[in-house]
$ cat run_4.pdb   # PDB, C-alpha atoms, pLDDT in the B column
MODEL        1
ATOM      1  CA  MET A   1     -67.526  19.211 -37.720  1.00 38.00           C
ATOM      2  CA  CYS A   2     -65.691  16.595 -39.803  1.00 42.00           C
ATOM      3  CA  PRO A   3     -66.620  16.676 -43.486  1.00 38.00           C
ATOM      4  CA  PRO A   4     -67.302  13.138 -44.729  1.00 36.00           C
ATOM      5  CA  ASN A   5     -66.636  13.492 -48.469  1.00 34.00           C
ATOM      6  CA  SER A   6     -63.123  14.862 -48.769  1.00 35.00           C
ATOM      7  CA  MET A   7     -59.701  13.242 -48.514  1.00 38.00           C
ATOM      8  CA  SER A   8     -58.206  16.650 -47.758  1.00 44.00           C
ATOM      9  CA  LEU A   9     -60.002  17.392 -44.541  1.00 48.00           C
ATOM     10  CA  SER A  10     -60.559  20.824 -43.144  1.00 54.00           C
ATOM     11  CA  LEU A  11     -61.570  19.880 -39.630  1.00 52.00           C
ATOM     12  CA  MET A  12     -61.480  23.341 -38.136  1.00 49.00           C
ATOM     13  CA  SER A  13     -63.563  25.234 -40.691  1.00 50.00           C
ATOM     14  CA  PRO A  14     -66.203  26.149 -38.090  1.00 50.00           C
ATOM     15  CA  PHE A  15     -63.632  28.334 -36.314  1.00 52.00           C
ATOM     16  CA  LEU A  16     -62.857  30.523 -39.327  1.00 52.00           C
ATOM     17  CA  PRO A  17     -64.132  34.087 -38.883  1.00 54.00           C
ATOM     18  CA  ARG A  18     -64.821  34.464 -42.610  1.00 57.00           C
ATOM     19  CA  PRO A  19     -67.022  32.839 -45.210  1.00 61.00           C
ATOM     20  CA  PRO A  20     -65.191  30.440 -47.554  1.00 60.00           C
ATOM     21  CA  LEU A  21     -63.764  32.207 -50.601  1.00 64.00           C
ATOM     22  CA  SER A  22     -64.312  29.148 -52.785  1.00 65.00           C
ATOM     23  CA  PRO A  23     -65.879  25.696 -52.418  1.00 69.00           C
ATOM     24  CA  PRO A  24     -64.139  23.631 -49.669  1.00 66.00           C
ATOM     25  CA  PRO A  25     -62.586  21.068 -52.084  1.00 71.00           C
ATOM     26  CA  GLN A  26     -61.052  23.878 -54.148  1.00 76.00           C
ATOM     27  CA  GLU A  27     -59.816  25.678 -51.019  1.00 76.00           C
ATOM     28  CA  SER A  28     -58.165  22.419 -49.892  1.00 75.00           C
ATOM     29  CA  LYS A  29     -56.447  22.044 -53.280  1.00 81.00           C
ATOM     30  CA  LEU A  30     -55.194  25.634 -53.122  1.00 83.00           C
ATOM     31  CA  MET A  31     -53.880  25.093 -49.589  1.00 81.00           C
ATOM     32  CA  PHE A  32     -52.126  21.868 -50.620  1.00 82.00           C
ATOM     33  CA  GLY A  33     -50.530  23.566 -53.641  1.00 86.00           C
ATOM     34  CA  MET A  34     -49.312  26.474 -51.549  1.00 85.00           C
ATOM     35  CA  LEU A  35     -47.858  24.190 -48.862  1.00 84.00           C
ATOM     36  CA  PHE A  36     -46.206  21.942 -51.452  1.00 85.00           C
ATOM     37  CA  SER A  37     -44.607  24.944 -53.148  1.00 87.00           C
ATOM     38  CA  LEU A  38     -43.423  26.500 -49.875  1.00 85.00           C
ATOM     39  CA  ARG A  39     -41.914  23.219 -48.652  1.00 83.00           C
ATOM     40  CA  SER A  40     -40.120  22.774 -51.962  1.00 83.00           C
ATOM     41  CA  PHE A  41     -38.877  26.366 -51.893  1.00 83.00           C
ATOM     42  CA  VAL A  42     -37.568  26.050 -48.314  1.00 80.00           C
ATOM     43  CA  THR A  43     -35.869  22.732 -49.078  1.00 79.00           C
ATOM     44  CA  LYS A  44     -34.104  24.124 -52.148  1.00 81.00           C
ATOM     45  CA  LEU A  45     -32.888  27.278 -50.376  1.00 80.00           C
ATOM     46  CA  SER A  46     -31.729  25.597 -47.191  1.00 75.00           C
ATOM     47  CA  PRO A  47     -27.922  25.329 -46.981  1.00 72.00           C
ATOM     48  CA  THR A  48     -28.224  22.185 -44.857  1.00 70.00           C
ATOM     49  CA  ASN A  49     -30.746  19.392 -44.488  1.00 65.00           C
ATOM     50  CA  VAL A  50     -33.084  21.034 -42.016  1.00 62.00           C
ATOM     51  CA  ARG A  51     -34.940  18.435 -39.921  1.00 61.00           C
ATOM     52  CA  ASP A  52     -38.062  20.492 -39.355  1.00 63.00           C
ATOM     53  CA  GLY A  53     -37.895  22.448 -42.611  1.00 72.00           C
ATOM     54  CA  PHE A  54     -40.974  24.563 -43.173  1.00 78.00           C
ATOM     55  CA  VAL A  55     -43.003  24.972 -39.950  1.00 81.00           C
ATOM     56  CA  SER A  56     -44.828  28.289 -40.358  1.00 83.00           C
ATOM     57  CA  PHE A  57     -45.227  31.514 -42.275  1.00 84.00           C
ATOM     58  CA  HIS A  58     -47.140  34.679 -41.627  1.00 83.00           C
ATOM     59  CA  THR A  59     -48.815  37.546 -43.391  1.00 85.00           C
ATOM     60  CA  SER A  60     -50.058  40.796 -41.900  1.00 88.00           C
ATOM     61  CA  LYS A  61     -53.391  39.089 -41.103  1.00 84.00           C
ATOM     62  CA  TYR A  62     -52.588  35.533 -39.976  1.00 83.00           C
ATOM     63  CA  GLN A  63     -49.897  32.980 -39.279  1.00 86.00           C
ATOM     64  CA  LEU A  64     -50.043  29.475 -40.703  1.00 86.00           C
ATOM     65  CA  HIS A  65     -48.492  26.712 -38.575  1.00 87.00           C
ATOM     66  CA  TYR A  66     -47.565  23.483 -40.385  1.00 87.00           C
ATOM     67  CA  TYR A  67     -46.718  20.009 -39.078  1.00 87.00           C
ATOM     68  CA  GLU A  68     -45.992  16.999 -41.254  1.00 85.00           C
ATOM     69  CA  THR A  69     -45.963  13.550 -39.699  1.00 84.00           C
ATOM     70  CA  PRO A  70     -43.685  10.653 -40.658  1.00 80.00           C
ATOM     71  CA  MET A  71     -46.745   9.130 -42.410  1.00 79.00           C
ATOM     72  CA  GLY A  72     -47.068  12.221 -44.605  1.00 80.00           C
ATOM     73  CA  LEU A  73     -50.164  13.531 -42.824  1.00 83.00           C
ATOM     74  CA  ARG A  74     -50.163  17.330 -42.928  1.00 84.00           C
ATOM     75  CA  LEU A  75     -51.688  19.346 -40.117  1.00 87.00           C
ATOM     76  CA  VAL A  76     -52.278  23.081 -40.468  1.00 86.00           C
ATOM     77  CA  LEU A  77     -53.507  25.693 -38.021  1.00 84.00           C
ATOM     78  CA  ASN A  78     -54.229  29.243 -39.129  1.00 81.00           C
ATOM     79  CA  MET A  79     -53.778  31.530 -36.153  1.00 81.00           C
ATOM     80  CA  ASP A  80     -53.447  35.157 -35.211  1.00 81.00           C
ATOM     81  CA  VAL A  81     -50.014  36.684 -35.892  1.00 84.00           C
ATOM     82  CA  SER A  82     -49.432  37.073 -32.138  1.00 83.00           C
ATOM     83  CA  VAL A  83     -49.192  33.274 -31.615  1.00 82.00           C
ATOM     84  CA  ALA A  84     -45.508  32.398 -31.381  1.00 81.00           C
ATOM     85  CA  SER A  85     -45.701  28.692 -32.225  1.00 83.00           C
ATOM     86  CA  ALA A  86     -48.388  26.047 -32.474  1.00 86.00           C
ATOM     87  CA  CYS A  87     -45.930  23.204 -33.080  1.00 87.00           C
ATOM     88  CA  LYS A  88     -46.627  21.562 -29.707  1.00 90.00           C
ATOM     89  CA  ALA A  89     -50.374  21.819 -30.272  1.00 91.00           C
ATOM     90  CA  LEU A  90     -50.084  20.228 -33.726  1.00 91.00           C
ATOM     91  CA  HIS A  91     -47.862  17.460 -32.351  1.00 92.00           C
ATOM     92  CA  HIS A  92     -50.422  16.806 -29.590  1.00 94.00           C
ATOM     93  CA  ILE A  93     -53.250  16.644 -32.129  1.00 93.00           C
ATOM     94  CA  TYR A  94     -51.304  14.058 -34.103  1.00 92.00           C
ATOM     95  CA  SER A  95     -49.853  11.930 -31.310  1.00 93.00           C
ATOM     96  CA  HIS A  96     -52.638  12.015 -28.732  1.00 94.00           C
ATOM     97  CA  LEU A  97     -55.797  12.538 -30.761  1.00 93.00           C
ATOM     98  CA  PHE A  98     -55.267  11.279 -34.310  1.00 91.00           C
ATOM     99  CA  MET A  99     -53.076   8.285 -33.442  1.00 92.00           C
ATOM    100  CA  GLU A 100     -55.175   7.204 -30.456  1.00 93.00           C
ATOM    101  CA  LEU A 101     -58.671   7.865 -31.791  1.00 92.00           C
ATOM    102  CA  VAL A 102     -58.284   7.299 -35.540  1.00 90.00           C
ATOM    103  CA  MET A 103     -55.244   5.176 -36.385  1.00 90.00           C
ATOM    104  CA  LYS A 104     -55.757   2.689 -33.535  1.00 91.00           C
ATOM    105  CA  ASN A 105     -59.493   2.476 -34.167  1.00 89.00           C
ATOM    106  CA  PRO A 106     -60.416  -0.565 -36.290  1.00 88.00           C
ATOM    107  CA  LEU A 107     -63.651   1.189 -37.322  1.00 87.00           C
ATOM    108  CA  CYS A 108     -61.661   3.988 -39.014  1.00 85.00           C
ATOM    109  CA  PRO A 109     -60.169   2.522 -42.200  1.00 85.00           C
ATOM    110  CA  PRO A 110     -56.839   4.027 -43.285  1.00 81.00           C
ATOM    111  CA  ARG A 111     -56.681   6.599 -46.099  1.00 77.00           C
ATOM    112  CA  THR A 112     -60.349   7.494 -45.801  1.00 79.00           C
ATOM    113  CA  PRO A 113     -61.969  10.670 -44.490  1.00 79.00           C
ATOM    114  CA  VAL A 114     -62.106  10.867 -40.699  1.00 82.00           C
ATOM    115  CA  GLN A 115     -65.651  10.150 -39.577  1.00 82.00           C
ATOM    116  CA  SER A 116     -65.010   9.533 -35.884  1.00 86.00           C
ATOM    117  CA  GLU A 117     -67.325  11.704 -33.809  1.00 89.00           C
ATOM    118  CA  LEU A 118     -65.137  11.070 -30.759  1.00 92.00           C
ATOM    119  CA  PHE A 119     -62.069  12.378 -32.605  1.00 90.00           C
ATOM    120  CA  CYS A 120     -63.961  15.440 -33.827  1.00 87.00           C
ATOM    121  CA  SER A 121     -65.358  16.270 -30.394  1.00 90.00           C
ATOM    122  CA  ARG A 122     -61.989  15.797 -28.662  1.00 93.00           C
ATOM    123  CA  LEU A 123     -60.266  17.866 -31.352  1.00 90.00           C
ATOM    124  CA  ASP A 124     -62.845  20.606 -30.899  1.00 87.00           C
ATOM    125  CA  ALA A 125     -62.407  20.565 -27.107  1.00 91.00           C
ATOM    126  CA  PHE A 126     -58.605  20.598 -27.417  1.00 92.00           C
ATOM    127  CA  VAL A 127     -58.524  23.556 -29.813  1.00 87.00           C
ATOM    128  CA  ARG A 128     -61.041  25.512 -27.736  1.00 86.00           C
ATOM    129  CA  GLY A 129     -58.870  24.877 -24.671  1.00 89.00           C
ATOM    130  CA  LEU A 130     -55.678  26.258 -26.201  1.00 87.00           C
ATOM    131  CA  PRO A 131     -54.457  29.391 -24.398  1.00 85.00           C
ATOM    132  CA  PHE A 132     -54.297  31.323 -27.657  1.00 79.00           C
ATOM    133  CA  PHE A 133     -57.766  30.319 -28.854  1.00 77.00           C
ATOM    134  CA  ALA A 134     -60.405  33.020 -28.779  1.00 68.00           C
ATOM    135  CA  PRO A 135     -63.909  32.432 -30.136  1.00 62.00           C
ATOM    136  CA  CYS A 136     -64.806  34.258 -33.323  1.00 57.00           C
ATOM    137  CA  PRO A 137     -66.987  37.316 -32.806  1.00 57.00           C
ATOM    138  CA  ALA A 138     -70.615  36.591 -33.631  1.00 53.00           C
TER     139      ALA A 138
ENDMDL
END
$ encode --input "run_4.pdb" --output "structure tokens"
Amino acid sequence: MCPPNSMSLSLMSPFLPRPPLSPPPQESKLMFGMLFSLRSFVTKLSPTNVRDGFVSFHTSKYQLHYYETPMGLRLVLNMDVSVASACKALHHIYSHLFMELVMKNPLCPPRTPVQSELFCSRLDAFVRGLPFFAPCPA
């Protein structure tokens, strides 16, 4: 579930109901570029210093939920447009899963791809347990 050779990790790829449009490293670069541009755009247009800034956007097909940690770690969930907010879920993933199972684990060196099977399995179980999660049709 966790790809070992990429600094920009797409941990939830198995849940996507579509084949990748491009190789995973290129898709990660495109996602990063889009998020960077949107954050910059929102920051420049905001009349005040918005604490949360950019947290989501949607198209007619999906809604992207975004959470950036104080460390600069960016978490993204692509969901159905009917999901109101995944902010609490993203915060839980960061504070209860990533911090506890990756950052506090001496066997997981910082700034390297996540290779913790425990983290991946708990992340998988958490996402599958979300009330708005529905398995992809086979």
$ atom_distance --input "run_4.pdb" --atom1 "atom CA of Ser116 of chain A" --atom2 "atom CA of Phe32 of chain A"
23.1 Å
$ atom_distance --input "run_4.pdb" --atom1 "atom CA of Phe119 of chain A" --atom2 "atom CA of Leu101 of chain A"
5.7 Å
$ atom_distance --input "run_4.pdb" --atom1 "atom CA of Val83 of chain A" --atom2 "atom CA of Phe132 of chain A"
6.7 Å
$ resolve_selection --input "run_4.pdb" --expression "the PyMOL selection byres ((chain A and resi 87-92) around 10)" --output "list in words"
Val55, Ser56, His65, Tyr66, Tyr67, Glu68, Thr69, Arg74, Leu75, Val76, Leu77, Ala84, Ser85, Ala86, Ile93, Tyr94, Ser95, His96, Leu97, Phe98, Met99, Phe126, Val127 and Leu130 of chain A
$ axis_aligned_box --input "run_4.pdb" --around "segment 116-120 of chain A" --padding-each-side "8 Å" --output "lines of an AutoDock Vina configuration file"
center_x = -64.7
center_y = 12.5
center_z = -33.3
size_x = 21.3
size_y = 21.9
size_z = 21.1
$ residues_around --input "run_4.pdb" --residues "Val81 of chain A" --least-positions-apart "3" --cutoff "9 Å" --atoms "only C-alpha atoms" --output "PyMOL selection string"
chain A and resi 58-64+84
$ closest_residue --input "run_4.pdb" --among "A:Met71, A:Ser82, A:Asp124, A:Phe133" --to "Met103 of chain A" --atoms "all atoms listed in the file"
A:Met71
